[in-house]
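**Student:** Following this message is one structure expressed as structure tokens.
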Number of protein chains: 2
Amino acid sequence: MMSEKYVYLFHEGNASMNELLGRKGANLAEMSALGLPVPPGFTITTSACRRFYDEGKTIHPDIVRDIYHALHTLEETSGKRFGHPSNPLLVSVRSGSSTSMPGMMDTILNLGLNDYTVAALIKHKENKHFAYDSYRRFIQMFSSIVLGINDSLFEDELEKVKRQANVKQDSQLTPDHLLDLILIYKEIVLKETGHKFPQDPKQQLLAAIGAVFDSWYNPRATFYRRIHKIPDHIGTAVTIQQMVFGNLGSNSGTGIAFTRHPSTGENELFGEFMFNAQGEDIVAGIRTPQPMTVLKERLPETFDQFDKIACNLEKHYRDVQDIEFTVEEGDLYVLQTRSAKRTAEANIKIAVDMANEGVIGREEAIMRVDPAAIAPLMQHTIDPTAELNVIGKGLDASSGAATGIIVFDAEEAERQHRTGHSVILVRQETTPEDIHGILASAGVLTTRGGVTSHAAVVARDLGTPSVVGCESFKVDMEQRELHTDTVILKEGDIITICGSTGRVILGEVPLVPPKFSKEFCTLLEWANEFKTMRVYSSVNTPQEAELARKMGAEGVGLCRTELMFMDPERLPRVTRMILARNQRERKKALNELIPMQKYDFHGIFRAMAGKQVTIRLIDPPLHEFLPNPSALALELERARVAGDTKLIEEKEALQQRIEMLHELNPSFGHRGCRIGITYPEIYEIQTRAIAEAALELKAEGLEVYPRIIVPLVSDWREMKKVRETVEETLQQVFSIYRDRIDVPIGVFIELPRACMTADKIAQYADFITFGTNDLTQSAYGFSRDDAEGKYLAYYLDNNILPENPFVYLDTEGVGRLIEIAMEQGRKNKPNLKTGVCGEHTSEKDSVLFLQNVGMNFISSVPQRIPSARIAAAQAAIRTRLRL
Amino acid sequence: MMSEKYVYLFHEGNASMNELLGRKGANLAEMSALGLPVPPGFTITTSACRRFYDEGKTIHPDIVRDIYHALHTLEETSGKRFGHPSNPLLVSVRSGSSTSMPGMMDTILNLGLNDYTVAALIKHKENKHFAYDSYRRFIQMFSSIVLGINDSLFEDELEKVKRQANVKQDSQLTPDHLLDLILIYKEIVLKETGHKFPQDPKQQLLAAIGAVFDSWYNPRATFYRRIHKIPDHIGTAVTIQQMVFGNLGSNSGTGIAFTRHPSTGENELFGEFMFNAQGEDIVAGIRTPQPMTVLKERLPETFDQFDKIACNLEKHYRDVQDIEFTVEEGDLYVLQTRSAKRTAEANIKIAVDMANEGVIGREEAIMRVDPAAIAPLMQHTIDPTAELNVIGKGLDASSGAATGIIVFDAEEAERQHRTGHSVILVRQETTPEDIHGILASAGVLTTRGGVTSHAAVVARDLGTPSVVGCESFKVDMEQRELHTDTVILKEGDIITICGSTGRVILGEVPLVPPKFSKEFCTLLEWANEFKTMRVYSSVNTPQEAELARKMGAEGVGLCRTELMFMDPERLPRVTRMILARNQRERKKALNELIPMQKYDFHGIFRAMAGKQVTIRLIDPPLHEFLPNPSALALELERARVAGDTKLIEEKEALQQRIEMLHELNPSFGHRGCRIGITYPEIYEIQTRAIAEAALELKAEGLEVYPRIIVPLVSDWREMKKVRETVEETLQQVFSIYRDRIDVPIGVFIELPRACMTADKIAQYADFITFGTNDLTQSAYGFSRDDAEGKYLAYYLDNNILPENPFVYLDTEGVGRLIEIAMEQGRKNKPNLKTGVCGEHTSEKDSVLFLQNVGMNFISSVPQRIPSARIAAAQAAIRTRLRL
């Protein structure tokens with residue numbers, strides 16, 4: 001058996017060896033291979049790191065031997081020797097995993113310095129200050145990172161010396177001061193560890209490598225991995241590279257540059273440079289770096305050389321690069337290159353530009369845009385021309401602007417939301433118990449907490465605009481008031497928050513819808529070329545249908561009808577319908593609702609002229625349409641005080657009915673088609689409104705394609721029964737209107753039993769739509785409302801569940817149920833059309849799964865249509881290219 | 001193609017042609033073949049009935065031809081002619097489907113009589129009264145059944161004539177009176193139908209046959225079929241048989257006899273006989289029939305002949321027969337035989353006796369006992385020696401006796417049940433909304449309603465003792481009092497009800513446990529010989545474990561631990577545990593519970609010494625252990641009035657905690673292993689109590705086999721996590737006790753997702769138990785609590801669901817999920833033991849399914865263990881014999 005290779009010289013590797021060499025190591029190897037001026041070095045593999053842990057945190061002698069061997073080669077290449085008293089080799093030691101991971105040990109510079117080599121450095125560079133300062137820094141860095149000595153011990157001594165020398169800046173210290181410090185530092189090391197500061201460079205090197213490996217499991221790194229779902233076992237590589245110095249005077253310096261602008265995506269070199277400095281000086285922020293133009297002005301040749309290299313690197317990697325480089329006495333060295341982090345806007349522009357430049361294909365341009373990352377581009381923003389009465393300012397926690405009425409708790413948020421209000425949830429701080437309230441809110445405002453507080457994290461996750469930590473405000477829960485510096489606001493007052501700037505504004509403010517850049521529109525057009533699933537929208541109102549069409553929806557995949565009942569004007573009629581003592585009374589109340597529902601359907605059909613509109617018959621339990629019991633109790637109390645017998649009677653009847661309709665588990669109760677079956681007149685009336693609206697518009701010459709879908713079916717007999725009700729009603733309408741229209745009737749599959757028996761259900765269904773939100777709920781037995789506030793957060797934090805299944809489709813459980821349903825459903829109807837509604841339809845991996853099982857369509861909320869289009873295109877591309 | 005045979009002469013059929021000839025026709029054919037004295041006749045098939053409906057309710061001419069052909073043969077056999085003026089053939093026409101079905105038209109006697117043939121009858125039988133009365137009855141019967149004329153028109157005229165004649169009994173009317181009546185009857189027919197009463201016997205016959213067919217779909221028959229799940233399409237047969245007359249004087253008569261006693265099962269001929277009477281006279285109950293001994297005394301030869309026939313029929317059919325027979329002037333005719341209906345006790349005795357007699361095998365004896373029908377034998381009854389203070393009497397709606405505290409609504413019933421009380425739900429009448437209360441009650445008492453009222457039906461279904469319609473009682477809901485004739489009882493007072501006698505008794509009454517007959521014990525022993533699945537019991541307490549063992553449980557399949565927390569003495573500690581502000585406080589409160597839990601486990605282990613005891617870690621949501629919010633609000637109010645600040649604080653803390661724990665859908669919320677994972681200390685403490693109890697008994701030399709099962713698992717990671725917690729705790733206990741014991745850890749599969757991913761879950765589970773109640777709930781998305789009170793009754797009544805899936809396992813949906821889970825679970829562990837807990841484990845078809853998918857065990861409540869044992873034996877027999 002050939003023994004595994006644990007150490008790679010730069011010229012032995014390349015960019016594809018990311019997993020083995022880490023991203024940094026692989027890119028240095030690639031650049032070496034390209035002939036770029038990279039200081040020589042070598043990389044110890046991630047595999048060595050795993051072995052380090054397997055063998056009780058020791059570096060195996062075989063690996064040590066390989067390291068020394070590579071070091072020897074490095075000595076030969078550089079003509080310097082490690083620890084040589086007159087021509088010493090100095091190196092940097094850096095960690096680097098296959099995915100960028102802050103939290104690990106990053107860099108130790110100047111390793112190889114000791115009491116002897118520092119003298120050589122003085123001689124060689126003719127710069128005593130530089131040499132002693134380097135040594136001083138190395139001892140401090142090595143001691144705190146590798147030896148684990150508290151860094152403040154060194155910082156305190158440094159401050160003491162500066163005080164004694166009466167100087168402000170490190171750079172003002174004399175070489176003698178620095179020499180004193182070196183002695184003091186070495187004393188600290190002796191005292192803290194019981195050993196002298198290691199003078200042997202090889203000992204220094206092995207200790208530093210061990211420290212990098214060790215940093216893989218430090219708490220910050222472990223936490224970061226958990227959050228970002230990076231597996232623990234992959235480990236980090238270590239790169240050893242010959243030092244170059246940007247701090248050797250005015251011909252030296254260090255810089256970081258982007259090959260295109262990382263915020264706008266403009267195709268221009270963008271970066272910062274600092275003369276006479278090392279990389280860490282830019283990071284530490286002691287001096288302010290200057291724009292790249294200073295390099296162009298003062299060292300034009302070096303600049304041109306860099307510009308060319310940058311250009312080539314971008315071409316080579318076919319992506320915008322973020323390049324670190326150093327100029328040592330006029331000589332350019334490239335120290336690192338990587339794909340540049342960029343804003344969503346920039347990312348889209350760059351992808352489209354590069355495709356137009358022919359650098360990448362259109363497919364690749366699409367693949368580069370994360371559907372989840374474009375959510376902020378969909379947010380409304382405040383009209384820049386509007387005059388604003390800003391009453392406070394907090395932290396910009398989640399972008400976008402929202403206007404709504406103030407509510408002070410989650411229950412009220414839900415209640416107001418249900419009756420069609422846009423609400424801003426205002427809390428001192430939010431807790432997991434508030435989730436259902438946040439879900440119901442257009443925006444969230446807290447008076448405490450930072451950008452990583454609960455409210456901020458959840459709001460960003462949901463794409464809900466949010467301002468947090470608005471500390472000049474005070475919430476008075478007793479009085480239900482919000483005290484600001486200038487006004488006292490009551491529950492129900494209107495405010496606007498701007499999550500992009502942290503402003504809180506009194507009253508309603510004109511918002512402007514998101515404007516898509518030219519490139520974004522292009523990208524979305526390209527997405528349409530590649531995707532094979534249709535992208536429909538889930539809407540509640542004609543307004544949403546219009547928005548959906550603008551966003552590129554190819555029809556309505558789910559038109560909910562319950563909001564039509566929630567309209568404050570209609571609600572009294574709905575209440576009458578629910579309170580009806582018999583079918584006749586109920587029909588009468590329902591009949592009054594027909595014109596109103598028709599009005600809504602007219603609007604939606606018009607907005608979607610020429611496209612399918614799939615309407616879901618009523619789904620929620622009836623008690624959702626009735627007033628909140630505690631509110632009603634209050635009203636009843638008032639009526640009693642007023643002695644209004646008629647009102648008392650009315651309220652008491654309502655109260656009784658609410659008690660009768662009360663359910664222990666309403667999400668699994670009397671809802672969906674169970675309502676349509678036990679009260680067929682409700683579905684009849686809805687069908688009537690749909691058919692009449694469609695025929696009336698058809699008579700006007702409009703192309704209308706209505707479809708009906710039946711919610712919460714668990715058995716084929718339910719589907720058969722509802723289908724009969726719907727078809728009979730359609731026939732009645734057709735004969736009255738002396739015209740007809742095709743209305744396919746589909747089934748909403750949201751229950752595991754419907755999946756298992758989809759063959760039978762499909763006999764009565766013209767198409768299948770999976771409701772993956774509810775299917776996830778029933779498959780897991782998780783009531784979503786309860787889970788998110790109670791145990792789901794704990795599960796995710798503690799890796800009991802790797803993902804939130806309401807966000808990422810659970811393919812092995814819920815997905816398997818869907819697959820079974822598809823097989824069953826298509827057994828006798830091979831061409832049965834199937835699709836999915838739910839939050840999963842804009843999440844890329846979920847959409848890929850849906851593509852692979854053969855879905856025909858997905859349906860998203862209007863704001864997520866662009867994400868869904870991109871996700872669908874990516875899924876088609878990945879499936880075709882087996883990515 | 002041979003044309004189908006629609007008409008069978010008796011000698012052309014046999015008993016196996018039940019489906020085609022109906023039960024009655026097939027048995028008559030069989031008896032003819034056996035050479036018994038059966039009046040000749042023929043049967044028109046059920047297939048003819050189906051064709052009758054297919055062809056717009058007409059009898060096809062081909063079938064008419066076949067009927068006439070059979071009639072001709074009958075004429076030849078009997079030497080009589082249909083409609084012949086001097087020697088007329090008279091026949092009876094009877095309906096008869098393959099399963100006995102009240103509600104259909106039963107019998108028309110004397111068909112063939114008309115104005116001419118009646119004269120011949122007079123002559124032939126020399127009995128004018130008999131002949132005219134026969135004709136009068138025939139017109140009335142035919143007119144009301146076949147012609148659809150309201151029977152009261154005839155009855156009124158009969159009454160009028162009797163008044164005029166000043167007689168009380170029909171038999172006292174003179175032939176002249178009867179002749180008058182015949183004329184009046186014919187007038188009625190003419191007036192009501194516009195046609196004369198049909199004089200043509202063939203016309204009478206075809207009309208009667210059509211009427212039988214027609215009666216298949218009358219509302220009563222349709223309703224009966226729906227209730228008894230008899231398919232609509234099978235249709236009824238019609239049997240035409242030559243009349244014999246038991247009403248020709250003192251040498252004639254009619255009787256019904258059972259070959260064994262239908263109530264006790266004693267092996268003795270048991271029956272009734274009536275001289276000078278027709279079958280309908282016995283049914284009408286005008287005269288009281290006499291015991292069979294009168295026949296023996298007065299016509300000993302005929303009796304002996306009958307006794308021999310009865311004996312042979314029982315042997316031939318290998319079952320107790322219920323035989324109808326007629327003696328016409330000394331000649332014995334057998335008119336019908338069928339398997340006798342009998343009590344559950346008799347059925348068991350007969351089955352065991354017959355097996356012991358060698359008439360049937362033991363397998364068949366087991367197959368003859370319906371597991372559902374023996375439920376009444378499991379009920380406690382009132383100690384016959386006890387002195388009782390009977391305070392009222394209602395209807396005996398559901399057998400068995402129960403003692404408990406009075407509660408007046410379903411919520412209170414649940415609440416008191418949860419805290420361990422036995423409750424009697426007392427209502428004016430119950431509604432579907434009360435179901436959860438009935439489920440929680442030991443007995444149900446209503447002041448209104450009959451034995452088919454809601455309370456009665458539900459109670460019988462659940463096997464809950466119930467007295468209904470106790471009309472001398474009055475429920476005062478305002479005062480929450482029960483007013484009886486003698487005392488006023490308050491909520492919480494103790495009463496006893498006896499559902500077998502309808503008595504209501506004040507206070508607690510000694511109950512005696514059910515006593516099993518010798519034969520029942522034998523049958524259960526035989527069941528053990530045949531069954532292959534183990535039958536465990538589901539218990540809550542040591543007392544239940546003892547009962548279960550007596551009932552023959554082979555171990556405990558599910559020991560719930562929540563009731564141990566509900567004990568009124570322990571509840572305060574549980575509350576403290578829930579209110580704990582941190583893990584330390586929680587552990588402290590939990591530690592105090594250990595000795596109490598251990599005490600219970602000791603009891604259960606002792607009761608089940610030598611057998612497995614599977615203990616489920618805590619399952620319900622924590623808020624179930626806290627007081628009811630409205631009760632708490634009241635207590636808080638009282639504390640405020642009293643100004644007790646400490647108490648106020650305490651109650652307010654409790655109130656806050658309750659609000660925090662409140663869930664929208666608690667059945668799908670924070671419960672099961674979700675509690676054990678988020679509060680691991682709870683499962684730790686339970687494990688500790690189990691292990692300590694087991695080791696302590698082991699030290700005493702007892703054989704203890706504890707097992708632990710983890711509820712509501714949806715993902716393998718949950719199972720892994722809990723397993724780690726349990727195993728670590730076990731190790732700690734083992735090292736403290738310096739001893740160890742094997743504790744297998746299994747998974748409760750109650751969620752669809754667990755089924756789909758059972759392969760992964762099984763890696764961490766030593767066995768699988770399916771909770772089919774909860775699995776049904778989540779697969780259908782039916783919250784059981786809500787469904788039963790809201791839409792499930794509607795679904796069953798309207799055939800939206802053919803069965804209640806909580807009673808009959810839904811094999812195509814829930815069953816398919818179980819099959820998938822079994823396949824998955826055994827993929828890598830082929831010997832993985834699996835079983836089922838839930839109500840389905842004593843329902844025979846469900847148990848057969850479980851046997852067929854390869855379950856190793858089922859677990860029932862103690863009272864259902866005998867049913868489960870029989871069901872398991874039947875399933876094994878059916879599987880082996882492919883029944």
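Residue numbering restarts at 1 in every chain; chains get A, B, ... in the order shown in the structure tokens, and ligands count up from 1 in that same order.
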Output as a ChimeraX atom specification all residues of stretch 333-419 of chain A that backbone DSSP marks as strand (DSSP E or B).

**Tutor:** /A:333-339,381-382,390-393,395-398,401-407

**Student:** Report as JSON, numbers by chain the set of chain A residues whose atoms approach chain B to within 8 Å, with distances computed over only C-alpha atoms.

**Tutor:** {"A": [433, 660, 663, 664, 665, 666, 667, 668, 669, 670, 674, 678, 714, 715, 717, 718, 721, 751, 752, 753, 754, 756, 757, 778, 779, 780, 781, 782, 783, 785, 786, 787, 790, 791, 794, 800, 801, 812, 813, 814, 816, 817]}

**Student:** Export, as a tab-separated table (two decimals), in the first residue's frame, the selected residues with C-alpha atoms.

**Tutor:**
```
chain	number	residue	atom	x	y	z
A	433	GLU	CA	-43.39	32.23	21.79
A	660	MET	CA	-69.58	24.40	20.28
A	663	GLU	CA	-61.55	22.38	19.04
A	664	LEU	CA	-58.69	20.90	20.97
A	665	ASN	CA	-56.47	20.60	17.90
A	666	PRO	CA	-57.97	22.92	15.29
A	667	SER	CA	-55.22	22.35	12.71
A	668	PHE	CA	-56.29	18.72	12.62
A	669	GLY	CA	-59.95	19.36	13.16
A	670	HIS	CA	-63.10	20.30	11.32
A	674	ARG	CA	-64.54	18.18	6.04
A	678	THR	CA	-70.68	18.48	6.34
A	714	SER	CA	-57.72	11.94	3.36
A	715	ASP	CA	-59.88	9.45	1.48
A	717	ARG	CA	-64.71	9.13	-0.94
A	718	GLU	CA	-64.27	12.69	0.29
A	721	LYS	CA	-68.38	13.56	-2.68
A	751	LEU	CA	-52.04	14.25	4.58
A	752	PRO	CA	-49.99	11.06	4.68
A	753	ARG	CA	-53.03	8.89	4.13
A	754	ALA	CA	-53.82	10.75	0.93
A	756	MET	CA	-50.71	6.23	0.48
A	757	THR	CA	-54.06	6.05	-1.33
A	778	SER	CA	-48.84	15.78	9.66
A	779	ALA	CA	-45.93	13.52	8.70
A	780	TYR	CA	-43.86	14.73	11.63
A	781	GLY	CA	-46.88	15.20	13.89
A	782	PHE	CA	-45.52	18.72	14.45
A	783	SER	CA	-48.11	21.41	14.93
A	785	ASP	CA	-47.60	26.90	15.44
A	786	ASP	CA	-46.46	25.11	18.54
A	787	ALA	CA	-43.24	23.55	17.28
A	790	LYS	CA	-41.54	25.42	21.71
A	791	TYR	CA	-39.07	22.74	20.72
A	794	TYR	CA	-33.99	23.63	20.52
A	800	ILE	CA	-31.58	16.94	16.72
A	801	LEU	CA	-32.87	18.04	13.34
A	812	GLU	CA	-36.41	11.17	3.16
A	813	GLY	CA	-39.70	11.31	5.04
A	814	VAL	CA	-42.09	13.87	3.55
A	816	ARG	CA	-40.79	9.77	0.22
A	817	LEU	CA	-44.51	10.22	0.93
```

**Student:** What's around A:Val556 at 9 Å? Count only C-alpha atoms, leave out sequence neighbours fewer than 5 positions away in its own chain, and write the answer as a PyMOL selection string.

**Tutor:** chain A and resi 535-539+545+548-549+604+608+611-615+859

**Student:** Go ahead and save the residues from that selection, with C-alpha atoms, as an mmCIF file, in the first residue's frame.

**Tutor:**
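Saved as out22.cif:
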```
data_model
loop_
_atom_site.group_PDB
_atom_site.id
_atom_site.type_symbol
_atom_site.label_atom_id
_atom_site.label_comp_id
_atom_site.auth_asym_id
_atom_site.auth_seq_id
_atom_site.Cartn_x
_atom_site.Cartn_y
_atom_site.Cartn_z
ATOM 1 C CA VAL A 535 -44.053 28.597 -11.761
ATOM 2 C CA TYR A 536 -47.451 29.632 -10.459
ATOM 3 C CA SER A 537 -48.299 31.943 -7.632
ATOM 4 C CA SER A 538 -50.228 31.549 -4.410
ATOM 5 C CA VAL A 539 -52.433 34.598 -3.878
ATOM 6 C CA ALA A 545 -52.538 38.324 -8.474
ATOM 7 C CA ALA A 548 -47.629 37.846 -9.120
ATOM 8 C CA ARG A 549 -48.115 38.401 -12.825
ATOM 9 C CA ILE A 604 -58.147 37.689 -10.098
ATOM 10 C CA MET A 608 -54.476 36.423 -14.846
ATOM 11 C CA LYS A 611 -53.653 31.889 -17.533
ATOM 12 C CA GLN A 612 -54.833 29.210 -15.157
ATOM 13 C CA VAL A 613 -56.335 30.266 -11.838
ATOM 14 C CA THR A 614 -56.606 27.441 -9.303
ATOM 15 C CA ILE A 615 -59.016 28.270 -6.508
ATOM 16 C CA SER A 859 -46.521 27.729 -6.653
#
```

**Student:** Chain A least-squares fit onto chain B, all C-alpha atoms in order: RMSD in Å?

**Tutor:**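 After superposition, the RMSD is 0.2 Å.
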
**Student:** Need to verify the contact set: stretch 98-112 of chain A, 9 Å, only C-alpha atoms, exclusion of same-chain residues closer than 5 positions in sequence. Can you return it as a ChimeraX atom specification?

**Tutor:** /A:18-24,26,46,82-83,88-93,117,134-135,137-138,141-142,145,199-202,204-205,208,211-225,230,234-237,242-243

**Student:** Run DSSP on the backbone and give me the residues of stretch 559-764 of chain B it puts in helix (DSSP H, G or I), as an MDAnalysis selection string.

**Tutor:** chainID B and resid 562:566 571:579 583:607 622:625 629:642 645:661 666:668 673:678 680:699 716:737 752:756 758:762

**Student:** Residues within 7 Å of B:Ala456, please, as a list in words. Count only C-alpha atoms; anything in the same chain fewer than 3 positions from it doesn't count.

**Tutor:** Ala397, Ser398, Val451, Thr452, Ser453, Ala459, Arg460, Ser466 and Val468 of chain B

**Student:** Find the residue from B:Gln336, B:Lys550, B:His417, B:Thr385 that sits nearest to B:Gly96; use only C-alpha atoms when measuring.

**Tutor:**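 Selected residue with least distance to B:Gly96: B:Gln336.
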
**Student:** Just checking: using only C-alpha atoms, which residue out of B:Gly35, B:Pro680, B:Pro627, B:Gly41 ends up closest to B:Leu654?

**Tutor:**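 Of all the options, B:Pro627 lies closest to B:Leu654.
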
**Student:** So which residues touch A:Gly603 within 8 Å, counting only C-alpha atoms, skipping near sequence neighbours fewer than 4 positions away, as a list in words?

**Tutor:**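 Once the nearby chain positions are removed, what remains is Thr541, Pro542, Tyr599 and Ala607 of chain A.
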
**Student:** Export N, CA, C and O atoms of the chosen residues as a compact mmCIF listing (two decimals), in the first residue's frame?

**Tutor:**
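So selection03.txt came out as:
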```
# COMPACT_ATOMS: atom_id res chain seq x y z
N THR A 541 -55.68 37.81 -3.11
CA THR A 541 -56.48 38.94 -3.57
C THR A 541 -56.13 39.28 -5.02
O THR A 541 -55.07 38.87 -5.51
N PRO A 542 -56.99 40.07 -5.67
CA PRO A 542 -56.67 40.53 -7.03
C PRO A 542 -55.35 41.30 -7.07
O PRO A 542 -54.56 41.16 -8.01
N TYR A 599 -66.89 39.34 -7.15
CA TYR A 599 -66.12 40.55 -7.41
C TYR A 599 -64.62 40.25 -7.32
O TYR A 599 -63.83 40.64 -8.17
N ALA A 607 -56.66 39.78 -13.75
CA ALA A 607 -55.22 39.92 -13.58
C ALA A 607 -54.48 38.77 -14.25
O ALA A 607 -53.35 38.92 -14.70
```

**Student:** Taking only C-alpha atoms into account, which of A:Glu546, A:Asp115, A:Asp383, A:Asp493 comes nearest A:Pro513?

**Tutor:** A:Asp383

**Student:** Determine, counting only C-alpha atoms, which protein, DNA and RNA residues have an atom within 8 Å of an atom of B:Val426; residues of the same chain fewer than 6 positions away are not included. Present the result as a list in words.

**Tutor:**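 Listing them by chain and then by number gives Ile406, Val407, Phe408, Asp409, Val444, Leu445, Thr446 and Val475 of chain B.
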